[in-house]
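Here's the structure we're looking at; comments come further down.
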Amino acid sequence: MKTLGVGLLGLGTVGAGVAEVLTRHADRVAARAGARLEIVRAAVHDPALFRGRGVPDDRLTDDAASVVAHPEVDLVVEVMGGLDPAHGLVRAALDAGRPVVSANKALLAERGQDLFEAAEARGVELRFEASVAGGIPVLLSLRDGLAANRIESIYGILNGTCNYILTRMEQERRPFDAVLAEAQASGYAEANPSTDIDGIDTAHKAVVLAALAYGKLVPFAELPIEGIRRITLADLDFARELGYAAKLLAVVRESADGEIEIRVEPTFVHGDHMLASVSGVFNAVKIHGDVVGDTFYHGRGAGREPTASAVVSDLIRVARGRLHPEIRPEPLHVAPGVLMPRDEWVSRAYLRVALLDQPGSLSKAAGTLGAHGISIASFIQKESTGNGFASVVFLTHPATERALGQALASLEALPEVDGPPVRIRIEDEPETEE
Ligand code: NDP
Ligand code: HSE
């Protein structure tokens, strides 16, 4: 049987998992790929630290460019992360006609246009299943399994760290900072957790999902992104009382005029929604296709083995295409996309207002919402706890972001309102046809 050489850029959490799976499942992988896959070069910063860790010592190098250029490397796996030098290395591999498998959602979301165009122009495969939802084959589903559909919407819980923190806050009634500190101590959250908890990681993945679903890569820098830092126990308690769960949700859609709507923000998801029960570090994605209806994908979105599962599966696919160019899929065509302006988003909202407990306050607040065309679906008021202000929560009917923003500014300006109102978006289960 033929052997194809693999060049591994990075031997950290994911790279080590890939090396391990290629060894453990060598025969299975060979049978499925039609060739044995052998790591012939692996790049790390300091090869001395990686001796005896799954890749023969003489195949380790600190010169990543030499991996891509090595004459025995047929397929390149980029699991080093970051934008540079990963971008130049992936581009060099594609230019040299070498298929690339990458797990790097930051690279694809922020520099993907250049890479998609290079891959398409040269007819070289660029696969990146692991970049979204780790081990869940959601990109393959979008590209192949749902190919007959127009994708109406994608809803995703795409960051395990955030979902773990929100789940523990809800279950244990402990505040964000305490749960984050514990997640860091137990290794679930990074020492610098900003990429996860500020929503950047979720936004990278949402942009990649949109590229697959609609063939459009939106400018990442223009995305409004909000993470989970401002979620409080008070809001989680109200959510529970109203039948909702808090999730860092990514919503991806295409408007009738071809603009891409991408929202990444904490969202109250109704308890009946498939995503509401996704707890802990798990990821889940719900895709609605116009032909198939709702489809749902659930599993582990990160970690050494789940991510290696996706990378090695991609490797098998690109190996087959390398051996049999006639079965290689049509190259992915991705063009620059335009984001729908945030002002035009339409959704329901949860609004929590600290309202002076005196005659007329409630009617003034409700009147302010009405004056901006915002209709109240329901509300709850909790008695003042001695400071003279009652907590009032309004759930609105759908309204544009523009109207909501103006209404919030007017509410905050009322003398009866203490501090800025809290606003959290609501997603109810969309109506689906039988
Ligand atoms: P790690 O930091 O654990 O590993 C990165 C590896 O790349 C290390 O071996 C590092 O070497 C090497 N490396 C980085 N830069 C260079 C360089 N310039 N030259 C040589 N070697 C270099 O990252 P992960 O494995 O966690 O993540 C890799 C990619 O996979 C990222 O894009 C990440 O977003 C993505 N991903 C990760 C998931 C996960 O669960 N971890 C899940 C899904 C995607 P050294 O150790 O010597 O510094
Ligand atoms: N840090 C990510 C998470 C995993 O917590 O889900 C990498 O995609």
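Identifiers in the structure tokens: chain A, B, ... in order shown; residue index from 1 per chain; ligand index from 1 in order shown.
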
Among segment 280-407 of chain A, which residues does DSSP mark as helix (DSSP H, G or I) when it is run on the backbone? Keep the chain and numbering as in the structure and answer as an NGL selection string.
:A and (304-323 or 325-327 or 342-344 or 361-371 or 401-407)

Which chains and residue numbers are within 8 Å of ligand 1, counting only C-alpha atoms and all ligand atoms, if I want them as JSON, numbers by chain?
{"A": [9, 10, 11, 12, 13, 14, 15, 16, 43, 44, 45, 46, 47, 49, 50, 61, 62, 63, 64, 78, 79, 80, 81, 82, 84, 85, 86, 102, 103, 104, 105, 106, 107, 130, 131, 132, 133, 134, 301, 302, 303, 304, 306, 307]}

May I have the residues from that selection written out with N, CA and C atoms, as a short mmCIF file (atom, residue, chain, number, x, y, z; two decimals), in the first residue's frame?
```cif
data_model
loop_
_atom_site.label_atom_id
_atom_site.label_comp_id
_atom_site.auth_asym_id
_atom_site.auth_seq_id
_atom_site.Cartn_x
_atom_site.Cartn_y
_atom_site.Cartn_z
N LEU A 9 2.08 20.76 11.67
CA LEU A 9 2.51 22.07 12.20
C LEU A 9 1.88 22.23 13.57
N GLY A 10 2.64 21.87 14.60
CA GLY A 10 2.13 21.95 15.98
C GLY A 10 1.92 20.57 16.57
N LEU A 11 2.37 20.42 17.80
CA LEU A 11 2.25 19.12 18.48
C LEU A 11 1.77 19.38 19.92
N GLY A 12 0.81 20.31 20.02
CA GLY A 12 0.25 20.62 21.35
C GLY A 12 -0.94 19.72 21.63
N THR A 13 -1.99 20.29 22.23
CA THR A 13 -3.16 19.48 22.59
C THR A 13 -3.69 18.73 21.37
N VAL A 14 -3.96 19.45 20.29
CA VAL A 14 -4.57 18.82 19.13
C VAL A 14 -3.54 18.00 18.34
N GLY A 15 -2.36 18.58 18.11
CA GLY A 15 -1.34 17.88 17.33
C GLY A 15 -0.97 16.54 17.96
N ALA A 16 -0.82 16.53 19.28
CA ALA A 16 -0.47 15.27 19.96
C ALA A 16 -1.61 14.27 19.81
N ALA A 43 6.46 20.26 13.49
CA ALA A 43 7.07 21.50 13.97
C ALA A 43 6.58 21.86 15.37
N VAL A 44 7.53 22.18 16.24
CA VAL A 44 7.23 22.72 17.58
C VAL A 44 8.24 23.84 17.84
N HIS A 45 8.02 24.61 18.90
CA HIS A 45 9.01 25.66 19.20
C HIS A 45 10.33 25.05 19.66
N ASP A 46 10.24 24.06 20.55
CA ASP A 46 11.46 23.51 21.13
C ASP A 46 11.44 21.98 21.05
N PRO A 47 12.04 21.42 20.00
CA PRO A 47 11.98 19.96 19.81
C PRO A 47 12.48 19.18 21.03
N LEU A 49 11.87 19.48 24.03
CA LEU A 49 10.81 19.22 25.01
C LEU A 49 9.83 18.14 24.55
N PHE A 50 9.92 17.75 23.29
CA PHE A 50 8.93 16.80 22.74
C PHE A 50 9.51 15.43 22.49
N THR A 61 11.17 19.38 14.40
CA THR A 61 11.96 20.56 14.00
C THR A 61 11.32 21.81 14.58
N ASP A 62 12.15 22.85 14.73
CA ASP A 62 11.57 24.14 15.13
C ASP A 62 11.38 25.04 13.91
N ASP A 63 11.66 24.49 12.75
CA ASP A 63 11.56 25.26 11.51
C ASP A 63 10.28 24.85 10.76
N ALA A 64 9.20 25.57 11.07
CA ALA A 64 7.90 25.17 10.53
C ALA A 64 7.88 25.24 8.99
N GLU A 78 -2.31 21.86 9.93
CA GLU A 78 -1.95 23.07 10.69
C GLU A 78 -2.74 23.08 11.99
N VAL A 79 -2.04 22.76 13.08
CA VAL A 79 -2.66 22.79 14.41
C VAL A 79 -1.75 23.56 15.36
N MET A 80 -1.19 24.66 14.85
CA MET A 80 -0.32 25.51 15.68
C MET A 80 -1.10 26.69 16.26
N GLY A 81 -2.17 27.08 15.59
CA GLY A 81 -3.00 28.19 16.08
C GLY A 81 -2.40 29.55 15.73
N GLY A 82 -3.19 30.60 15.97
CA GLY A 82 -2.74 31.98 15.71
C GLY A 82 -2.78 32.33 14.23
N ASP A 84 -0.20 34.37 12.51
CA ASP A 84 1.14 34.29 11.92
C ASP A 84 2.05 33.52 12.86
N PRO A 85 2.82 32.61 12.34
CA PRO A 85 3.10 32.34 10.93
C PRO A 85 2.15 31.36 10.25
N ALA A 86 1.06 30.97 10.94
CA ALA A 86 0.19 29.94 10.37
C ALA A 86 -0.31 30.32 8.97
N SER A 102 -6.78 22.11 8.67
CA SER A 102 -6.51 23.06 9.75
C SER A 102 -7.63 23.02 10.78
N ALA A 103 -7.26 23.28 12.04
CA ALA A 103 -8.26 23.39 13.11
C ALA A 103 -8.41 24.84 13.54
N ASN A 104 -7.79 25.74 12.79
CA ASN A 104 -7.54 27.11 13.25
C ASN A 104 -8.66 28.07 12.83
N LYS A 105 -9.69 28.18 13.69
CA LYS A 105 -10.84 29.03 13.33
C LYS A 105 -10.48 30.50 13.26
N ALA A 106 -9.51 30.94 14.07
CA ALA A 106 -9.11 32.35 14.02
C ALA A 106 -8.53 32.66 12.64
N LEU A 107 -7.68 31.79 12.16
CA LEU A 107 -7.05 31.99 10.85
C LEU A 107 -8.11 32.00 9.74
N ALA A 130 -12.39 20.56 12.20
CA ALA A 130 -12.15 20.73 13.65
C ALA A 130 -12.29 22.18 14.10
N SER A 131 -12.34 23.11 13.14
CA SER A 131 -12.35 24.52 13.54
C SER A 131 -13.68 24.94 14.16
N VAL A 132 -14.75 24.20 13.89
CA VAL A 132 -16.06 24.53 14.47
C VAL A 132 -16.62 23.31 15.19
N ALA A 133 -16.93 23.49 16.46
CA ALA A 133 -17.57 22.43 17.25
C ALA A 133 -16.73 21.15 17.31
N GLY A 134 -15.42 21.31 17.29
CA GLY A 134 -14.48 20.21 17.55
C GLY A 134 -14.81 18.92 16.84
N GLY A 301 -17.01 19.66 21.77
CA GLY A 301 -16.54 20.69 20.85
C GLY A 301 -15.07 21.03 21.00
N ALA A 302 -14.38 20.35 21.90
CA ALA A 302 -12.97 20.67 22.12
C ALA A 302 -12.30 19.49 22.82
N GLY A 303 -10.99 19.65 23.00
CA GLY A 303 -10.24 18.60 23.69
C GLY A 303 -9.44 17.77 22.69
N ARG A 304 -8.43 17.13 23.24
CA ARG A 304 -7.46 16.41 22.42
C ARG A 304 -8.11 15.38 21.48
N PRO A 306 -11.57 14.55 20.78
CA PRO A 306 -12.63 14.96 19.86
C PRO A 306 -12.09 15.79 18.69
N THR A 307 -11.13 16.66 18.98
CA THR A 307 -10.61 17.51 17.90
C THR A 307 -9.76 16.67 16.94
#
```

Report, in Å with one decimal, the straight-line distance from atom CA of Asp237 of chain A to atom CA of Met274 of chain A.
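Between atom CA of Asp237 of chain A and atom CA of Met274 of chain A the gap works out to 20.5 Å.
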
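Counting only C-alpha atoms and all ligand atoms, the residue from A:Asp343, A:Glu190, A:Glu182, A:Glu241 that sits nearest to ligand 2 is A:Glu190.
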
For segment 193-203 of chain A, find every residue with an atom within 7 Å (counting only C-alpha atoms), except residues of its own chain fewer than 6 positions away, and show them as a list of chain:residue names.
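Here the answer would be A:Leu158, A:Asn159, A:Thr161, A:Cys162, A:Ile225, A:Glu226, A:Gly227, A:Ile228, A:Arg229, A:Ala250, A:Val264.
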
Would you list the contacts of Arg263 of chain A as JSON, numbers by chain, taking every protein, DNA or RNA residue within 12 Å and counting only C-alpha atoms, but skipping same-chain residues closer than 3 positions in sequence?
{"A": [153, 154, 155, 156, 157, 199, 200, 202, 203, 204, 205, 206, 207, 210, 220, 222, 223, 224, 225, 226, 227, 248, 249, 250, 251, 252, 253, 254, 260, 266, 267, 339, 340, 341, 342, 343, 344, 345, 346, 347, 401, 425, 427]}

Measure the distance from atom CA of Arg127 of chain A to atom CA of Val101 of chain A in Å and round it to one decimal.
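Atom-to-atom, atom CA of Arg127 of chain A to atom CA of Val101 of chain A, that is 4.8 Å.
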
Selection near Asp235 of chain A, 10 Å with only C-alpha atoms, sequence-local residues under 4 positions removed, as a CSV table (one decimal) with all heavy atoms, in the first residue's frame:
```csv
chain,number,residue,atom,x,y,z
A,230,ARG,N,-21.3,39.9,31.6
A,230,ARG,CA,-22.3,40.7,32.3
A,230,ARG,C,-23.5,39.9,32.8
A,230,ARG,O,-24.4,40.4,33.3
A,230,ARG,CB,-22.7,41.9,31.4
A,230,ARG,CG,-23.6,41.5,30.3
A,230,ARG,CD,-24.0,42.7,29.5
A,230,ARG,NE,-24.7,42.3,28.3
A,230,ARG,CZ,-26.0,42.3,28.2
A,230,ARG,NH1,-26.8,42.5,29.2
A,230,ARG,NH2,-26.6,41.9,27.1
A,231,ILE,N,-23.4,38.6,32.6
A,231,ILE,CA,-24.6,37.7,33.1
A,231,ILE,C,-24.5,37.6,34.6
A,231,ILE,O,-23.5,37.2,35.2
A,231,ILE,CB,-24.5,36.3,32.4
A,231,ILE,CG1,-24.8,36.4,30.9
A,231,ILE,CG2,-25.5,35.4,33.1
A,231,ILE,CD1,-26.2,36.8,30.6
A,239,ALA,N,-34.6,34.3,34.5
A,239,ALA,CA,-34.7,33.5,33.3
A,239,ALA,C,-35.4,32.1,33.7
A,239,ALA,O,-36.3,31.6,33.0
A,239,ALA,CB,-33.3,33.2,32.7
A,240,ARG,N,-34.9,31.6,34.8
A,240,ARG,CA,-35.4,30.3,35.2
A,240,ARG,C,-36.9,30.4,35.5
A,240,ARG,O,-37.7,29.6,35.1
A,240,ARG,CB,-34.7,29.8,36.5
A,240,ARG,CG,-35.0,28.4,36.9
A,240,ARG,CD,-34.8,28.2,38.4
A,240,ARG,NE,-33.4,28.6,38.8
A,240,ARG,CZ,-32.5,27.7,39.1
A,240,ARG,NH1,-32.7,26.5,39.0
A,240,ARG,NH2,-31.3,28.2,39.4
A,241,GLU,N,-37.3,31.5,36.2
A,241,GLU,CA,-38.7,31.7,36.6
A,241,GLU,C,-39.6,31.8,35.3
A,241,GLU,O,-40.7,31.3,35.3
A,241,GLU,CB,-38.8,33.0,37.4
A,241,GLU,CG,-40.2,33.2,38.0
A,241,GLU,CD,-40.2,34.4,38.9
A,241,GLU,OE1,-39.1,34.8,39.4
A,241,GLU,OE2,-41.3,35.0,39.1
A,246,ALA,N,-29.9,30.5,30.0
A,246,ALA,CA,-28.9,31.4,29.4
A,246,ALA,C,-27.8,30.7,28.6
A,246,ALA,O,-27.2,29.7,29.1
A,246,ALA,CB,-28.3,32.3,30.4
A,268,PHE,N,-31.3,34.4,26.1
A,268,PHE,CA,-32.2,33.5,26.8
A,268,PHE,C,-32.9,32.6,25.8
A,268,PHE,O,-33.6,33.1,24.9
A,268,PHE,CB,-33.2,34.3,27.6
A,268,PHE,CG,-32.6,34.9,28.9
A,268,PHE,CD1,-33.2,35.9,29.5
A,268,PHE,CD2,-31.3,34.5,29.4
A,268,PHE,CE1,-32.7,36.5,30.7
A,268,PHE,CE2,-30.8,35.0,30.5
A,268,PHE,CZ,-31.5,36.0,31.2
A,350,TYR,N,-35.4,40.6,26.7
A,350,TYR,CA,-35.7,40.6,28.2
A,350,TYR,C,-35.1,41.9,28.7
A,350,TYR,O,-33.9,42.2,28.4
A,350,TYR,CB,-34.9,39.4,28.8
A,350,TYR,CG,-34.6,39.5,30.2
A,350,TYR,CD1,-35.3,38.8,31.2
A,350,TYR,CD2,-33.5,40.2,30.7
A,350,TYR,CE1,-35.0,38.8,32.5
A,350,TYR,CE2,-33.1,40.2,32.0
A,350,TYR,CZ,-33.9,39.5,32.9
A,350,TYR,OH,-33.5,39.5,34.3
A,351,LEU,N,-35.9,42.7,29.3
A,351,LEU,CA,-35.4,44.0,29.9
A,351,LEU,C,-35.6,44.0,31.4
A,351,LEU,O,-36.7,43.8,31.8
A,351,LEU,CB,-36.1,45.2,29.2
A,351,LEU,CG,-36.2,45.2,27.7
A,351,LEU,CD1,-37.1,46.4,27.3
A,351,LEU,CD2,-34.8,45.4,27.1
A,352,ARG,N,-34.5,44.2,32.1
A,352,ARG,CA,-34.7,44.3,33.6
A,352,ARG,C,-34.3,45.8,34.0
A,352,ARG,O,-33.3,46.3,33.7
A,352,ARG,CB,-33.7,43.4,34.3
A,352,ARG,CG,-33.8,43.5,35.8
A,352,ARG,CD,-33.2,42.3,36.6
A,352,ARG,NE,-31.8,42.1,36.3
A,352,ARG,CZ,-30.8,42.8,36.9
A,352,ARG,NH1,-31.0,43.7,37.8
A,352,ARG,NH2,-29.5,42.5,36.5
A,393,VAL,N,-39.2,43.2,35.2
A,393,VAL,CA,-38.7,42.6,34.0
A,393,VAL,C,-39.8,42.6,32.9
A,393,VAL,O,-40.9,42.2,33.2
A,393,VAL,CB,-38.2,41.1,34.3
A,393,VAL,CG1,-38.1,40.3,33.0
A,393,VAL,CG2,-36.9,41.1,35.0
A,422,VAL,N,-30.9,46.4,32.0
A,422,VAL,CA,-30.2,45.2,31.5
A,422,VAL,C,-31.1,44.7,30.3
A,422,VAL,O,-32.3,44.5,30.4
A,422,VAL,CB,-30.1,44.1,32.5
A,422,VAL,CG1,-29.6,42.8,31.9
A,422,VAL,CG2,-29.2,44.5,33.7
A,423,ARG,N,-30.4,44.4,29.2
A,423,ARG,CA,-31.1,43.9,28.0
A,423,ARG,C,-30.4,42.6,27.6
A,423,ARG,O,-29.2,42.5,27.4
A,423,ARG,CB,-31.1,44.9,26.9
A,423,ARG,CG,-31.9,44.5,25.7
A,423,ARG,CD,-31.2,43.7,24.7
A,423,ARG,NE,-29.9,44.3,24.3
A,423,ARG,CZ,-29.8,45.2,23.4
A,423,ARG,NH1,-30.8,45.6,22.7
A,423,ARG,NH2,-28.6,45.7,23.1
A,424,ILE,N,-31.2,41.5,27.5
A,424,ILE,CA,-30.7,40.2,27.0
A,424,ILE,C,-31.7,39.7,25.9
A,424,ILE,O,-32.9,39.7,26.1
A,424,ILE,CB,-30.6,39.2,28.1
A,424,ILE,CG1,-29.5,39.7,29.2
A,424,ILE,CG2,-30.1,37.8,27.6
A,424,ILE,CD1,-29.4,38.9,30.4
```
